[in-house]
$ cat structure25.cif   # mmCIF, C-alpha atoms
data_my_file
loop_
_atom_site.label_atom_id
_atom_site.label_comp_id
_atom_site.auth_asym_id
_atom_site.auth_seq_id
_atom_site.Cartn_x
_atom_site.Cartn_y
_atom_site.Cartn_z
CA MET A 2 4.64 43.63 -11.12
CA LEU A 3 3.37 40.30 -12.44
CA ASN A 4 1.95 39.25 -9.06
CA ARG A 5 -0.28 42.33 -9.09
CA LEU A 6 -1.93 41.42 -12.42
CA ASP A 7 -3.89 38.41 -11.15
CA PRO A 8 -3.37 35.48 -8.76
CA HIS A 9 -1.68 33.26 -11.35
CA SER A 10 0.79 35.47 -13.22
CA ASP A 11 4.34 35.24 -11.92
CA TYR A 12 8.06 35.34 -12.67
CA MET A 13 10.26 32.29 -12.18
CA ASP A 14 14.04 32.43 -12.06
CA GLU A 15 16.07 29.74 -13.83
CA GLY A 16 15.96 27.30 -10.92
CA GLU A 17 12.23 27.74 -10.37
CA PHE A 18 11.56 27.30 -14.09
CA LYS A 19 13.42 23.97 -14.16
CA GLN A 20 11.57 22.87 -11.04
CA SER A 21 8.20 23.68 -12.65
CA GLN A 22 9.10 21.39 -15.54
CA ALA A 23 9.85 18.62 -13.05
CA ASP A 24 6.44 19.22 -11.47
CA MET A 25 4.62 18.46 -14.70
CA ALA A 26 6.62 15.26 -15.09
CA GLY A 27 5.06 14.15 -11.79
CA ARG A 28 8.38 13.76 -9.94
CA PHE A 29 9.88 16.47 -7.77
CA GLY A 30 11.28 17.13 -4.34
CA GLY A 31 9.10 18.86 -1.80
CA LEU A 32 5.98 18.58 0.35
CA GLY A 33 3.14 17.92 -2.09
CA ILE A 34 0.81 20.92 -1.79
CA GLN A 35 -0.86 23.12 -4.39
CA ILE A 36 -1.00 26.73 -3.26
CA SER A 37 -2.39 30.08 -4.31
CA GLU A 38 -2.42 33.51 -2.65
CA GLN A 39 -5.08 35.28 -0.62
CA ASP A 40 -4.80 38.49 1.36
CA GLY A 41 -1.02 38.46 1.02
CA LEU A 42 -0.60 34.92 2.40
CA PRO A 43 -0.02 31.59 0.62
CA LYS A 44 -3.15 29.45 0.87
CA VAL A 45 -3.51 25.73 0.28
CA ILE A 46 -5.78 24.72 -2.58
CA SER A 47 -5.19 21.04 -1.98
CA PRO A 48 -2.59 18.60 -0.67
CA ILE A 49 -1.63 15.90 -3.19
CA ASP A 50 -2.61 12.35 -2.28
CA GLY A 51 0.10 10.27 -0.62
CA THR A 52 2.57 13.12 -0.02
CA PRO A 53 4.09 14.51 3.22
CA ALA A 54 1.53 17.34 3.21
CA ALA A 55 -1.42 14.94 2.97
CA ARG A 56 -0.02 12.60 5.62
CA ALA A 57 0.58 15.54 7.99
CA GLY A 58 -3.07 16.54 7.75
CA ILE A 59 -2.63 19.81 5.84
CA GLU A 60 -6.05 20.80 4.53
CA PRO A 61 -7.57 22.89 1.72
CA GLY A 62 -7.99 26.46 2.93
CA ASP A 63 -5.03 26.43 5.34
CA GLN A 64 -3.09 29.70 5.18
CA ILE A 65 0.69 29.58 5.59
CA LEU A 66 1.62 32.28 8.08
CA LEU A 67 5.27 31.34 8.72
CA ILE A 68 7.83 29.10 7.01
CA ASN A 69 10.58 28.03 9.39
CA HIS A 70 9.36 30.82 11.72
CA ALA A 71 9.89 33.50 9.05
CA SER A 72 6.88 35.43 7.75
CA ALA A 73 5.40 34.34 4.41
CA ARG A 74 3.24 37.46 4.11
CA GLY A 75 3.76 39.28 0.82
CA MET A 76 6.14 36.63 -0.50
CA PRO A 77 5.61 35.87 -4.24
CA LEU A 78 4.29 32.35 -4.78
CA SER A 79 7.35 31.35 -6.80
CA LYS A 80 9.52 32.27 -3.80
CA VAL A 81 7.23 30.38 -1.43
CA VAL A 82 7.60 27.27 -3.59
CA ALA A 83 11.39 27.69 -3.68
CA VAL A 84 11.56 27.93 0.12
CA LEU A 85 9.26 24.96 0.68
CA ARG A 86 11.42 22.73 -1.48
CA GLY A 87 14.78 21.34 -0.53
CA ASP A 88 16.86 18.22 -0.20
CA PRO A 89 14.91 15.02 0.48
CA GLY A 90 15.15 14.17 4.17
CA SER A 91 15.37 17.79 5.28
CA SER A 92 12.57 19.31 7.35
CA VAL A 93 10.49 22.46 7.18
CA THR A 94 8.10 23.86 9.78
CA LEU A 95 4.92 25.61 8.67
CA THR A 96 2.78 27.77 10.91
CA LEU A 97 -0.77 27.49 9.62
CA LEU A 98 -3.93 29.50 10.11
CA ARG A 99 -6.98 27.23 9.94
CA GLY A 100 -10.33 28.93 10.20
CA LYS A 101 -10.75 30.56 13.62
CA GLN A 102 -8.37 28.22 15.39
CA GLU A 103 -5.13 29.32 16.98
CA PRO A 104 -2.07 29.10 14.67
CA LEU A 105 -0.61 25.60 14.61
CA ASP A 106 2.89 24.39 13.76
CA VAL A 107 3.37 21.42 11.45
CA THR A 108 6.83 19.99 10.74
CA LEU A 109 7.19 18.04 7.51
CA THR A 110 10.07 16.06 6.04
CA ARG A 111 10.73 16.75 2.38
CA GLU A 112 10.90 13.80 0.02
CA ILE A 113 10.99 13.02 -3.68
CA ILE A 114 7.38 13.31 -4.71
CA GLN A 115 6.42 10.62 -7.19
CA VAL A 116 2.81 11.37 -7.94
CA GLU A 117 0.63 8.48 -9.06
CA SER A 118 -2.10 10.61 -10.52
CA VAL A 119 -4.61 7.84 -11.33
CA LYS A 120 -5.93 5.19 -8.95
CA SER A 121 -8.81 2.82 -9.56
CA ASN A 122 -10.77 -0.09 -8.15
CA LEU A 123 -13.93 -2.06 -8.89
CA GLU A 124 -16.64 -1.46 -6.30
CA PRO A 125 -18.56 -4.52 -5.01
CA ASP A 126 -21.68 -3.58 -7.00
CA GLY A 127 -19.83 -3.70 -10.32
CA VAL A 128 -19.26 0.05 -10.63
CA GLY A 129 -15.79 1.28 -11.50
CA TYR A 130 -14.08 3.98 -9.46
CA ILE A 131 -11.26 6.13 -10.85
CA ARG A 132 -9.61 8.89 -8.83
CA ILE A 133 -7.43 11.50 -10.52
CA SER A 134 -5.43 13.48 -7.94
CA GLN A 135 -3.88 15.86 -10.49
CA PHE A 136 -3.40 16.07 -14.26
CA GLY A 137 0.21 15.30 -15.16
CA GLU A 138 2.18 13.69 -17.94
CA ASP A 139 1.22 10.18 -16.83
CA THR A 140 -2.52 10.84 -16.42
CA SER A 141 -3.67 10.10 -19.96
CA ALA A 142 -2.00 6.68 -20.11
CA GLY A 143 -3.00 5.94 -16.51
CA PHE A 144 -6.66 6.73 -17.20
CA LYS A 145 -6.80 4.49 -20.28
CA SER A 146 -5.13 1.68 -18.36
CA ALA A 147 -7.56 2.09 -15.45
CA ILE A 148 -10.58 1.80 -17.75
CA GLN A 149 -9.14 -1.31 -19.42
CA ASN A 150 -8.43 -2.91 -16.05
CA LEU A 151 -11.96 -2.19 -14.80
CA GLN A 152 -13.45 -3.71 -17.94
CA ARG A 153 -11.38 -6.86 -17.44
CA GLN A 154 -12.26 -7.10 -13.75
CA SER A 155 -15.97 -6.75 -14.53
CA ASN A 156 -15.80 -9.20 -17.47
CA GLY A 157 -16.93 -6.43 -19.78
CA LYS A 158 -20.09 -5.77 -17.72
CA LEU A 159 -19.21 -2.50 -15.99
CA LYS A 160 -22.43 -1.04 -14.57
CA GLY A 161 -21.14 2.50 -14.25
CA LEU A 162 -18.14 4.69 -13.54
CA VAL A 163 -17.44 7.22 -10.80
CA LEU A 164 -14.72 9.68 -11.89
CA ASP A 165 -13.50 11.36 -8.71
CA LEU A 166 -11.99 14.83 -9.25
CA ARG A 167 -12.48 16.12 -5.71
CA ASN A 168 -9.47 18.00 -4.32
CA ASP A 169 -7.83 17.79 -7.79
CA PRO A 170 -6.14 21.18 -8.37
CA GLY A 171 -5.65 20.64 -12.12
CA GLY A 172 -2.46 20.44 -14.15
CA LEU A 173 -1.79 19.86 -17.83
CA LEU A 174 -4.42 20.95 -20.37
CA LYS A 175 -3.51 18.09 -22.73
CA ALA A 176 -4.14 15.53 -20.01
CA ALA A 177 -7.61 16.99 -19.36
CA ILE A 178 -8.46 16.90 -23.07
CA ASP A 179 -7.28 13.28 -23.33
CA VAL A 180 -9.30 12.14 -20.30
CA ALA A 181 -12.49 13.84 -21.52
CA GLY A 182 -11.85 12.42 -25.01
CA ASP A 183 -11.78 8.88 -23.61
CA LEU A 184 -15.43 9.30 -22.58
CA LEU A 185 -16.73 11.22 -25.61
CA ASP A 186 -17.45 10.42 -29.24
CA GLY A 187 -16.35 13.65 -30.86
CA GLY A 188 -17.36 17.22 -30.10
CA THR A 189 -15.60 20.11 -28.43
CA VAL A 190 -13.89 19.48 -25.10
CA VAL A 191 -12.79 23.05 -24.36
CA SER A 192 -12.12 26.27 -26.18
CA ILE A 193 -9.72 29.08 -25.38
CA ARG A 194 -10.39 32.77 -26.03
CA GLY A 195 -7.65 35.38 -25.73
CA ARG A 196 -7.42 39.12 -26.26
CA ASP A 197 -6.62 38.61 -29.93
CA ALA A 198 -8.67 36.40 -32.26
CA SER A 199 -5.46 34.73 -33.47
CA GLU A 200 -5.08 33.23 -29.97
CA ASN A 201 -8.47 31.50 -30.04
CA ARG A 202 -8.35 27.71 -30.14
CA SER A 203 -10.73 24.80 -29.80
CA PHE A 204 -9.92 21.24 -28.75
CA SER A 205 -12.09 18.28 -29.75
CA ALA A 206 -12.51 14.66 -28.70
CA PRO A 207 -11.80 11.84 -31.19
CA ALA A 208 -14.83 10.88 -33.32
CA HIS A 209 -15.06 7.43 -31.70
CA GLY A 210 -13.13 7.99 -28.50
CA ASP A 211 -15.61 6.80 -25.85
CA MET A 212 -14.05 3.75 -24.21
CA LEU A 213 -17.21 3.10 -22.15
CA ALA A 214 -19.99 3.76 -24.63
CA GLY A 215 -23.36 3.30 -22.97
CA VAL A 216 -21.93 3.07 -19.46
CA PRO A 217 -23.34 5.79 -17.14
CA VAL A 218 -20.78 8.12 -15.55
CA VAL A 219 -20.82 10.31 -12.44
CA VAL A 220 -18.14 12.96 -11.93
CA LEU A 221 -17.47 14.04 -8.33
CA VAL A 222 -16.24 17.61 -7.75
CA ASN A 223 -15.92 20.02 -4.84
CA GLY A 224 -14.54 23.46 -4.05
CA ALA A 225 -10.96 22.16 -4.34
CA SER A 226 -11.51 20.85 -7.90
CA ALA A 227 -9.82 23.37 -10.17
CA SER A 228 -8.62 24.13 -13.69
CA ALA A 229 -8.13 20.87 -15.63
CA SER A 230 -10.66 19.16 -13.34
CA GLU A 231 -13.24 21.77 -14.26
CA ILE A 232 -12.49 21.37 -17.97
CA VAL A 233 -13.24 17.63 -17.78
CA ALA A 234 -16.35 18.06 -15.63
CA GLY A 235 -17.69 20.87 -17.84
CA ALA A 236 -17.12 18.94 -21.07
CA LEU A 237 -18.84 15.77 -19.84
CA GLN A 238 -21.67 17.81 -18.38
CA ASP A 239 -22.31 19.86 -21.53
CA HIS A 240 -22.30 16.76 -23.73
CA HIS A 241 -24.74 15.03 -21.33
CA ARG A 242 -22.20 12.23 -20.98
CA ALA A 243 -22.03 12.38 -17.18
CA LYS A 244 -23.86 13.68 -14.15
CA VAL A 245 -21.72 16.04 -12.11
CA MET A 246 -22.22 15.56 -8.36
CA GLY A 247 -20.81 17.34 -5.33
CA THR A 248 -20.51 21.06 -4.73
CA GLN A 249 -19.48 24.09 -6.79
CA SER A 250 -15.94 23.78 -8.14
CA PHE A 251 -13.09 26.25 -7.58
CA GLY A 252 -13.53 28.49 -10.65
CA LYS A 253 -10.00 28.65 -12.07
CA GLY A 254 -10.77 29.23 -15.75
CA SER A 255 -7.74 31.23 -16.89
CA VAL A 256 -4.91 30.13 -19.18
CA GLN A 257 -1.28 30.82 -18.30
CA THR A 258 1.34 31.02 -21.02
CA LEU A 259 4.91 30.17 -20.00
CA ILE A 260 7.40 32.40 -21.79
CA PRO A 261 11.02 31.21 -21.34
CA LEU A 262 13.65 33.92 -21.00
CA LYS A 263 16.95 32.43 -22.08
CA GLY A 264 19.22 32.19 -19.06
CA HIS A 265 16.73 34.15 -16.93
CA GLY A 266 13.95 31.71 -16.13
CA ALA A 267 10.46 32.38 -17.44
CA VAL A 268 7.41 34.60 -17.22
CA LYS A 269 4.08 32.95 -16.45
CA LEU A 270 1.38 35.25 -17.79
CA THR A 271 -2.41 34.91 -17.87
CA THR A 272 -3.32 35.26 -21.54
CA ALA A 273 -6.76 33.72 -22.13
CA LEU A 274 -9.84 32.06 -20.60
CA TYR A 275 -11.29 28.55 -20.84
CA TYR A 276 -14.84 27.93 -22.06
CA THR A 277 -16.91 24.74 -21.89
CA PRO A 278 -18.41 23.25 -25.09
CA SER A 279 -21.64 25.24 -24.62
CA GLY A 280 -19.66 28.48 -24.29
CA ARG A 281 -19.72 28.91 -20.51
CA SER A 282 -16.73 30.60 -18.92
CA ILE A 283 -15.29 28.59 -16.03
CA GLN A 284 -13.53 31.65 -14.61
CA ASP A 285 -14.63 32.84 -11.16
CA GLU A 286 -17.79 30.67 -11.12
CA GLY A 287 -16.64 27.13 -11.74
CA ILE A 288 -18.87 24.17 -12.57
CA ALA A 289 -22.23 23.83 -10.84
CA PRO A 290 -23.13 20.21 -10.04
CA ASP A 291 -26.22 18.62 -11.57
CA VAL A 292 -26.82 16.91 -8.23
CA VAL A 293 -25.72 18.70 -5.07
CA ALA A 294 -24.05 16.27 -2.67
CA GLU A 295 -22.34 17.85 0.31
CA ALA A 296 -20.05 15.89 2.57
CA PRO A 297 -21.75 15.43 5.95
CA LYS A 298 -20.52 17.73 8.70
CA GLU A 299 -18.57 15.01 10.47
CA GLN A 300 -16.65 14.28 7.24
CA GLN A 301 -15.92 17.90 6.36
CA ILE A 302 -12.61 19.52 7.19
CA ALA A 303 -13.22 20.89 10.68
CA GLY A 304 -13.38 24.68 10.64
CA GLY A 305 -12.41 24.64 6.99
CA VAL A 306 -12.75 27.86 5.01
CA VAL A 307 -14.14 27.43 1.49
CA LEU A 308 -11.49 28.73 -0.88
CA ARG A 309 -12.64 29.73 -4.36
CA GLU A 310 -11.09 31.66 -7.23
CA SER A 311 -13.38 34.61 -6.57
CA SER A 312 -11.86 35.03 -3.08
CA LEU A 313 -8.28 35.41 -4.39
CA THR A 314 -6.74 38.86 -4.57
CA GLY A 315 -6.95 40.27 -8.09
CA ALA A 316 -9.07 37.42 -9.47
CA LEU A 317 -10.51 38.07 -12.93
CA ALA A 318 -14.29 38.40 -13.13
CA ASN A 319 -16.43 36.03 -15.17
CA PRO A 320 -16.94 37.65 -18.60
CA GLY A 321 -20.17 35.81 -19.40
CA SER A 322 -20.76 33.15 -22.01
CA LEU A 323 -19.55 33.30 -25.61
CA ASN A 324 -23.08 34.06 -26.82
CA GLY A 325 -23.11 37.23 -24.75
CA ASN A 326 -25.50 36.05 -22.06
CA PRO A 327 -24.53 36.14 -18.38
CA ALA A 328 -22.87 32.96 -17.19
CA GLN A 329 -25.45 30.46 -15.95
CA PRO A 330 -25.10 26.94 -14.59
CA ARG A 331 -26.25 24.51 -17.28
CA ALA A 332 -28.24 22.22 -15.06
CA GLN A 333 -31.76 23.39 -14.19
CA ALA A 334 -31.56 21.35 -11.00
CA ALA A 335 -28.58 23.34 -9.79
CA PRO A 336 -29.42 26.00 -7.19
CA ALA A 337 -29.29 29.65 -8.17
CA LYS A 338 -26.75 30.30 -5.43
CA PRO A 339 -23.62 28.11 -5.67
CA ILE A 340 -23.41 25.52 -2.91
CA SER A 341 -19.99 25.72 -1.30
CA SER A 342 -19.05 23.85 1.83
CA PRO A 343 -15.76 22.70 3.37
CA PRO A 344 -14.35 19.77 1.37
CA ILE A 345 -14.33 16.21 2.62
CA LYS A 346 -11.31 15.16 4.68
CA ALA A 347 -8.61 13.97 2.28
CA GLU A 348 -8.06 10.69 4.13
CA LEU A 349 -11.71 9.68 3.54
CA ILE A 350 -11.70 10.12 -0.24
CA GLY A 351 -12.47 6.82 -1.94
CA LYS A 352 -12.71 4.94 1.35
CA PRO A 353 -15.74 2.80 2.42
CA ASP A 354 -17.06 5.59 4.69
CA ASP A 355 -16.89 8.26 1.94
CA ALA A 356 -20.48 9.58 2.00
CA GLN A 357 -20.27 11.47 -1.31
CA LEU A 358 -18.94 8.36 -3.06
CA LYS A 359 -21.80 6.35 -1.54
CA GLN A 360 -24.26 8.87 -3.02
CA ALA A 361 -22.64 8.54 -6.44
CA LEU A 362 -22.79 4.74 -6.27
CA ALA A 363 -26.44 4.86 -5.17
CA TYR A 364 -27.25 7.17 -8.07
CA LEU A 365 -25.65 4.79 -10.57
CA ASP A 366 -27.37 1.79 -8.97
CA HIS A 367 -30.74 3.55 -9.30
CA SER A 368 -29.97 4.44 -12.92
CA ASP A 369 -29.09 0.80 -13.64
CA GLN A 370 -32.33 -0.42 -12.06
CA THR A 371 -34.38 2.15 -13.99
CA LYS A 372 -32.66 1.12 -17.22
CA GLY A 373 -33.40 -2.54 -16.49
CA GLN A 374 -37.09 -1.82 -15.85
CA ALA A 375 -37.34 0.21 -19.05
CA GLN A 376 -36.01 -2.74 -21.02
#

$ encode --input "structure25.cif" --output "structure tokens"
Amino acid sequence: MLNRLDPHSDYMDEGEFKQSQADMAGRFGGLGIQISEQDGLPKVISPIDGTPAARAGIEPGDQILLINHASARGMPLSKVVAVLRGDPGSSVTLTLLRGKQEPLDVTLTREIIQVESVKSNLEPDGVGYIRISQFGEDTSAGFKSAIQNLQRQSNGKLKGLVLDLRNDPGGLLKAAIDVAGDLLDGGTVVSIRGRDASENRSFSAPAHGDMLAGVPVVVLVNGASASASEIVAGALQDHHRAKVMGTQSFGKGSVQTLIPLKGHGAVKLTTALYYTPSGRSIQDEGIAPDVVAEAPKEQQIAGGVVLRESSLTGALANPGSLNGNPAQPRAQAAPAKPISSPPIKAELIGKPDDAQLKQALAYLDHSDQTKGQAQ
């Protein structure tokens, strides 16, 4: 019954509920993939960096046809997750559908997944790079630490920051609010609107929260950037604090409330929608980049199918902005039709050959030169 409401409502039994709590702590046993449902089959939103799924080459858009040679069609997502998980060291075989290719079998060994959600390094040109692979309990502290480390490494002369949210499927709302708040001096980060006015809430950044005041920021997103990633990108975009580069994001702008049922697990129910500071609904449309930067064909997932919220069975439609106007991308430079293309191969993200990262660094370098000339 819950599965038929929308792609994200579900029921979890007691074991699944406890496992979901372990997920948010960033440590759990399994394969390391974020999944949704499309046309009755589980579909990969994104593999998590450094996990068995990522190392095995599982890609965004892959559909899971069989699990250990048993059909996954029509199986509730909570059950899929339960089957995919198991004792560390045990194996599971997935039969995947990838684009128009023949089904392929991939055997993975389960392990304890310890997700390091934040990674950073100082690029040779003095620009900081921070990658967030998902928003978990450790993300807020990890992001602050990464900024502090980059400032030390650059002797306080950081020329810019690239915040990489590509292939980041989201996670904890609080972590997204904290990350956005570390780059903003006050103002709304995100607001929530439910069926009843009593459910409406707004979350703001600290008055003097920007840890990199005056440092230009580029946020990288793609079609596998979802939920919390879109909240951060939308907030920084609306406050003109960062340029968003890449391609249209996933469009997961709904809020799920977890309702524990004592001794019987929990109900996960979609109860509200997220809105950016300017009142745009993220749902179904996502965040349009200010600067479109597609991964070149040779770096895209071969034969990859672009998965977006709007393609999921039962997805909620975009209700328009809070001021009653139809939802519109904020940036005038953004194309009228969303640019969606297969995401970059996961193993290239943040590496020297990463073409989208090179574009972001070039943009910041140009901005720095322009600033210097203006002075």

$ atom_distance --input "structure25.cif" --atom1 "CA of Tyr364 in chain A" --atom2 "CA of Val219 in chain A"
8.4 Å

$ atom_distance --input "structure25.cif" --atom1 "CA of Ala289 in chain A" --atom2 "CA of Gln360 in chain A"
17.0 Å

$ resolve_selection --input "structure25.cif" --expression "the PyMOL selection byres ((chain A and resi 109) around 6)" --output "JSON, numbers by chain"
{"A": [92, 93, 108, 110]}

$ closest_residue --input "structure25.cif" --among "A:Val84, A:Leu365, A:Ala356, A:Ile283" --to "Val216 in chain A" --atoms "all atoms listed in the file"
A:Leu365

$ resolve_selection --input "structure25.cif" --expression "the PyMOL selection byres ((chain A and resi 275) around 9)" --output "JSON list (two decimals) with C-alpha atoms, keeping the file's coordinate frame"
[["chain", "number", "residue", "atom", "x", "y", "z"],
["A", 191, "VAL", "CA", -12.79, 23.05, -24.36],
["A", 192, "SER", "CA", -12.12, 26.27, -26.18],
["A", 193, "ILE", "CA", -9.72, 29.08, -25.38],
["A", 194, "ARG", "CA", -10.39, 32.77, -26.03],
["A", 228, "SER", "CA", -8.62, 24.13, -13.69],
["A", 232, "ILE", "CA", -12.49, 21.37, -17.97],
["A", 253, "LYS", "CA", -10.00, 28.65, -12.07],
["A", 254, "GLY", "CA", -10.77, 29.23, -15.75],
["A", 255, "SER", "CA", -7.74, 31.23, -16.89],
["A", 256, "VAL", "CA", -4.91, 30.13, -19.18],
["A", 273, "ALA", "CA", -6.76, 33.72, -22.13],
["A", 274, "LEU", "CA", -9.84, 32.06, -20.60],
["A", 276, "TYR", "CA", -14.84, 27.93, -22.06],
["A", 277, "THR", "CA", -16.91, 24.74, -21.89],
["A", 281, "ARG", "CA", -19.72, 28.91, -20.51],
["A", 282, "SER", "CA", -16.73, 30.60, -18.92],
["A", 283, "ILE", "CA", -15.29, 28.59, -16.03],
["A", 284, "GLN", "CA", -13.53, 31.65, -14.61]]

$ resolve_selection --input "structure25.cif" --expression "the PyMOL selection byres ((chain A and resi 186) around 8)" --output "PyMOL selection string"
chain A and resi 182+184-185+187-188+206-211

$ write_last_selection --input "structure25.cif" --atoms "C-alpha atoms" --output "compact mmCIF listing (two decimals), in the frame of the given file"
# COMPACT_ATOMS: atom_id res chain seq x y z
CA GLY A 182 -11.85 12.42 -25.01
CA LEU A 184 -15.43 9.30 -22.58
CA LEU A 185 -16.73 11.22 -25.61
CA GLY A 187 -16.35 13.65 -30.86
CA GLY A 188 -17.36 17.22 -30.10
CA ALA A 206 -12.51 14.66 -28.70
CA PRO A 207 -11.80 11.84 -31.19
CA ALA A 208 -14.83 10.88 -33.32
CA HIS A 209 -15.06 7.43 -31.70
CA GLY A 210 -13.13 7.99 -28.50
CA ASP A 211 -15.61 6.80 -25.85

$ residues_around --input "structure25.cif" --residues "Gln35 in chain A" --least-positions-apart "4" --cutoff "9 Å" --atoms "only C-alpha atoms" --output "PyMOL selection string"
chain A and resi 44-49+170

$ closest_residue --input "structure25.cif" --among "A:Gly351, A:Gly90, A:Gly247, A:Pro261" --to "Leu123 in chain A" --atoms "only C-alpha atoms"
A:Gly351

$ closest_residue --input "structure25.cif" --among "A:Glu103, A:Glu124, A:Glu117, A:Glu17" --to "Leu85 in chain A" --atoms "all atoms listed in the file"
A:Glu17

$ atom_distance --input "structure25.cif" --atom1 "CA of Arg5 in chain A" --atom2 "CA of Phe251 in chain A"
20.6 Å

$ residues_near_point --input "structure25.cif" --point "(-11.0, 22.4, -28.4)" --cutoff "7 Å" --atoms "only C-alpha atoms" --output "PyMOL selection string"
chain A and resi 189-192+202-205

$ residues_around --input "structure25.cif" --residues "Val81 in chain A" --least-positions-apart "3" --cutoff "10 Å" --atoms "all atoms listed in the file" --output "mmCIF file with C-alpha atoms, in the coordinates of the input"
data_model
loop_
_atom_site.group_PDB
_atom_site.id
_atom_site.type_symbol
_atom_site.label_atom_id
_atom_site.label_comp_id
_atom_site.auth_asym_id
_atom_site.auth_seq_id
_atom_site.Cartn_x
_atom_site.Cartn_y
_atom_site.Cartn_z
ATOM 1 C CA ILE A 36 -1.000 26.730 -3.260
ATOM 2 C CA LEU A 42 -0.600 34.920 2.400
ATOM 3 C CA PRO A 43 -0.020 31.590 0.620
ATOM 4 C CA ILE A 65 0.690 29.580 5.590
ATOM 5 C CA ILE A 68 7.830 29.100 7.010
ATOM 6 C CA ALA A 73 5.400 34.340 4.410
ATOM 7 C CA ARG A 74 3.240 37.460 4.110
ATOM 8 C CA GLY A 75 3.760 39.280 0.820
ATOM 9 C CA MET A 76 6.140 36.630 -0.500
ATOM 10 C CA PRO A 77 5.610 35.870 -4.240
ATOM 11 C CA LEU A 78 4.290 32.350 -4.780
ATOM 12 C CA VAL A 84 11.560 27.930 0.120
ATOM 13 C CA LEU A 85 9.260 24.960 0.680
ATOM 14 C CA ARG A 86 11.420 22.730 -1.480
#

$ residues_near_point --input "structure25.cif" --point "(-10.0, 16.5, -7.5)" --cutoff "8 Å" --atoms "only C-alpha atoms" --output "PyMOL selection string"
chain A and resi 132-135+165-171+221-223+225-227+230
